[in-house]
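What follows is one structure encoded as structure tokens, with my remarks underneath.
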Amino acid sequence: MSEFSKPAFIFIYIAAIAAVIIKGEGIVKILTVPFFTLLFNTILRKILNKPRPFLRDDVIKLTEHKNSGSFPSNHACSSVIISLCYILVFPPLVPLFMLFSFFTGLSRVATGVHYPADVFAGWSISILSGIIFFIFF
């Protein structure tokens with residue numbers, strides 16, 4: 001699932017952008033909220049530069065991955081903020097996409113590229129950002 005989720009969420013995000021264009025409202029939010037959420041996540045990740053679990057002797061890496069910072073998870077962050085974009089498009093899909101985000105995060109831990117805390121932090125950043133900017137603004 002770890003390798004499949006990235007192209008799936010790209011498609012989900014493009015579909016959301018197309019939907020708000022057709023709807024005629026929400027384009028600024030759907031472009032800026034994920035951008036700034038991921039920018040914040042990436043900057044935090046670069047500053048903290050936590051090592052990945054597969055660098056330890058007792059962790060088996062089940063997928064190829066470069067050795068870059070691990071905390072917080074960009075996959076977890078992006079999957080949740082993209083899922084939350086559907087608050088603007090079609091809210092009944094949000095729980096389905098959040099479930100997909102949950103399993104994406106679990107797969108990142110299972111493949112040895114993230115610790116659970118990495119994934120939880122990525123989810124938390126996006127949930128907080130989504131609530132603040134998609135619901136209150």
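All residue names refer to the structure tokens as shown: chains lettered A, B, ... in order, residues numbered from 1 in each chain, ligands numbered from 1 in order.
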
>> With only C-alpha atoms as the counted atoms, please give the residues lying no more than 10 Å from region 17-31 of chain A, apart from itself and same-chain residues fewer than 2 positions off, as number ranges by chain.
In response: A: 11-15, 33-36, 81-82, 84-90, 133-134, 137

Which residues are near region 94-102 of chain A? Cut-off 7 Å, only C-alpha atoms, ignore same chain within fewer than 3 positions. Put them as a PDB file with N, CA and C atoms, in the first residue's frame.
ATOM      1  N   ALA A  76       2.060  10.789   5.588  1.00  0.00           N
ATOM      2  CA  ALA A  76       0.921  10.897   6.502  1.00  0.00           C
ATOM      3  C   ALA A  76       0.310  12.289   6.430  1.00  0.00           C
ATOM      4  N   SER A  79      -1.447  12.826   2.898  1.00  0.00           N
ATOM      5  CA  SER A  79      -2.657  12.027   2.697  1.00  0.00           C
ATOM      6  C   SER A  79      -3.831  12.586   3.499  1.00  0.00           C
ATOM      7  N   VAL A  80      -3.578  13.057   4.697  1.00  0.00           N
ATOM      8  CA  VAL A  80      -4.663  13.601   5.517  1.00  0.00           C
ATOM      9  C   VAL A  80      -5.123  14.957   5.002  1.00  0.00           C
ATOM     10  N   SER A  83      -7.170  14.429   1.973  1.00  0.00           N
ATOM     11  CA  SER A  83      -8.474  13.881   2.358  1.00  0.00           C
ATOM     12  C   SER A  83      -9.392  14.978   2.875  1.00  0.00           C
ATOM     13  N   LEU A  84      -8.839  15.879   3.675  1.00  0.00           N
ATOM     14  CA  LEU A  84      -9.640  16.950   4.249  1.00  0.00           C
ATOM     15  C   LEU A  84     -10.061  17.998   3.214  1.00  0.00           C
ATOM     16  N   TYR A  86     -11.700  17.412   0.784  1.00  0.00           N
ATOM     17  CA  TYR A  86     -13.048  17.021   0.371  1.00  0.00           C
ATOM     18  C   TYR A  86     -14.138  17.629   1.254  1.00  0.00           C
ATOM     19  N   ILE A  87     -13.747  18.305   2.328  1.00  0.00           N
ATOM     20  CA  ILE A  87     -14.712  19.116   3.077  1.00  0.00           C
ATOM     21  C   ILE A  87     -15.281  20.184   2.141  1.00  0.00           C
ATOM     22  N   PRO A  91     -18.161  16.358   1.268  1.00  0.00           N
ATOM     23  CA  PRO A  91     -17.829  15.909   2.624  1.00  0.00           C
ATOM     24  C   PRO A  91     -18.076  14.429   2.933  1.00  0.00           C
ATOM     25  N   GLY A 105      -0.553   5.393   6.516  1.00  0.00           N
ATOM     26  CA  GLY A 105       0.364   5.599   7.636  1.00  0.00           C
ATOM     27  C   GLY A 105       0.846   4.293   8.248  1.00  0.00           C
ATOM     28  N   LEU A 106      -0.075   3.370   8.436  1.00  0.00           N
ATOM     29  CA  LEU A 106       0.313   2.052   8.971  1.00  0.00           C
ATOM     30  C   LEU A 106       1.304   1.351   8.054  1.00  0.00           C
TER      31      LEU A 106
END

> Residues at most 10 Å from Ile125 (chain A), counting only C-alpha atoms, excluding those fewer than 2 positions away in the same chain, as a list in words?
Replying inline: Thr37, Leu38, Phe40, Asn41, Pro72, Ser73, Ala76, Cys77, Ser78, Val80, Ile81, Phe120, Ala121, Gly122, Trp123, Ile127, Leu128, Ser129 and Gly130 of chain A

> Leaving out region 113-117 of chain A and any residue of its chain fewer than 6 positions from it, which residues lie within 7 Å of it when counting only C-alpha atoms, given as a VMD selection string?
Replying inline: chain A and resid 52 to 54 61 70

Could you please take those selected residues and save N, CA, C and O atoms as a tab-separated table (two decimals), in the first residue's frame?
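Below you can see part25.tsv, which holds the result:
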chain	number	residue	atom	x	y	z
A	52	ARG	N	15.68	7.53	10.25
A	52	ARG	CA	14.64	6.57	9.91
A	52	ARG	C	14.86	5.25	10.65
A	52	ARG	O	15.99	4.89	10.97
A	53	PRO	N	13.78	4.51	10.88
A	53	PRO	CA	13.91	3.25	11.62
A	53	PRO	C	14.80	2.22	10.93
A	53	PRO	O	15.48	1.45	11.60
A	54	PHE	N	14.81	2.20	9.60
A	54	PHE	CA	15.60	1.17	8.91
A	54	PHE	C	17.10	1.34	9.09
A	54	PHE	O	17.87	0.46	8.73
A	61	LYS	N	13.98	-3.11	6.42
A	61	LYS	CA	13.36	-2.22	5.45
A	61	LYS	C	12.74	-3.07	4.34
A	61	LYS	O	13.41	-3.85	3.69
A	70	SER	N	12.89	11.62	9.06
A	70	SER	CA	11.74	10.73	9.24
A	70	SER	C	10.55	11.41	9.92
A	70	SER	O	9.41	11.04	9.68

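One distance worth recording is that between CA of Ser126 (chain A) and CA of Val109 (chain A), which is 18.1 Å.
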
>> DSSP on the backbone, alpha helix (DSSP H) only: what residues of chain A does that give? Format it as a PyMOL selection string.
In response: chain A and resi 2-23+27-48+74-84+86-89+94-110+116-130

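Counting from CA of Gly69 (chain A), the distance to CA of Ile132 (chain A) is 26.5 Å.
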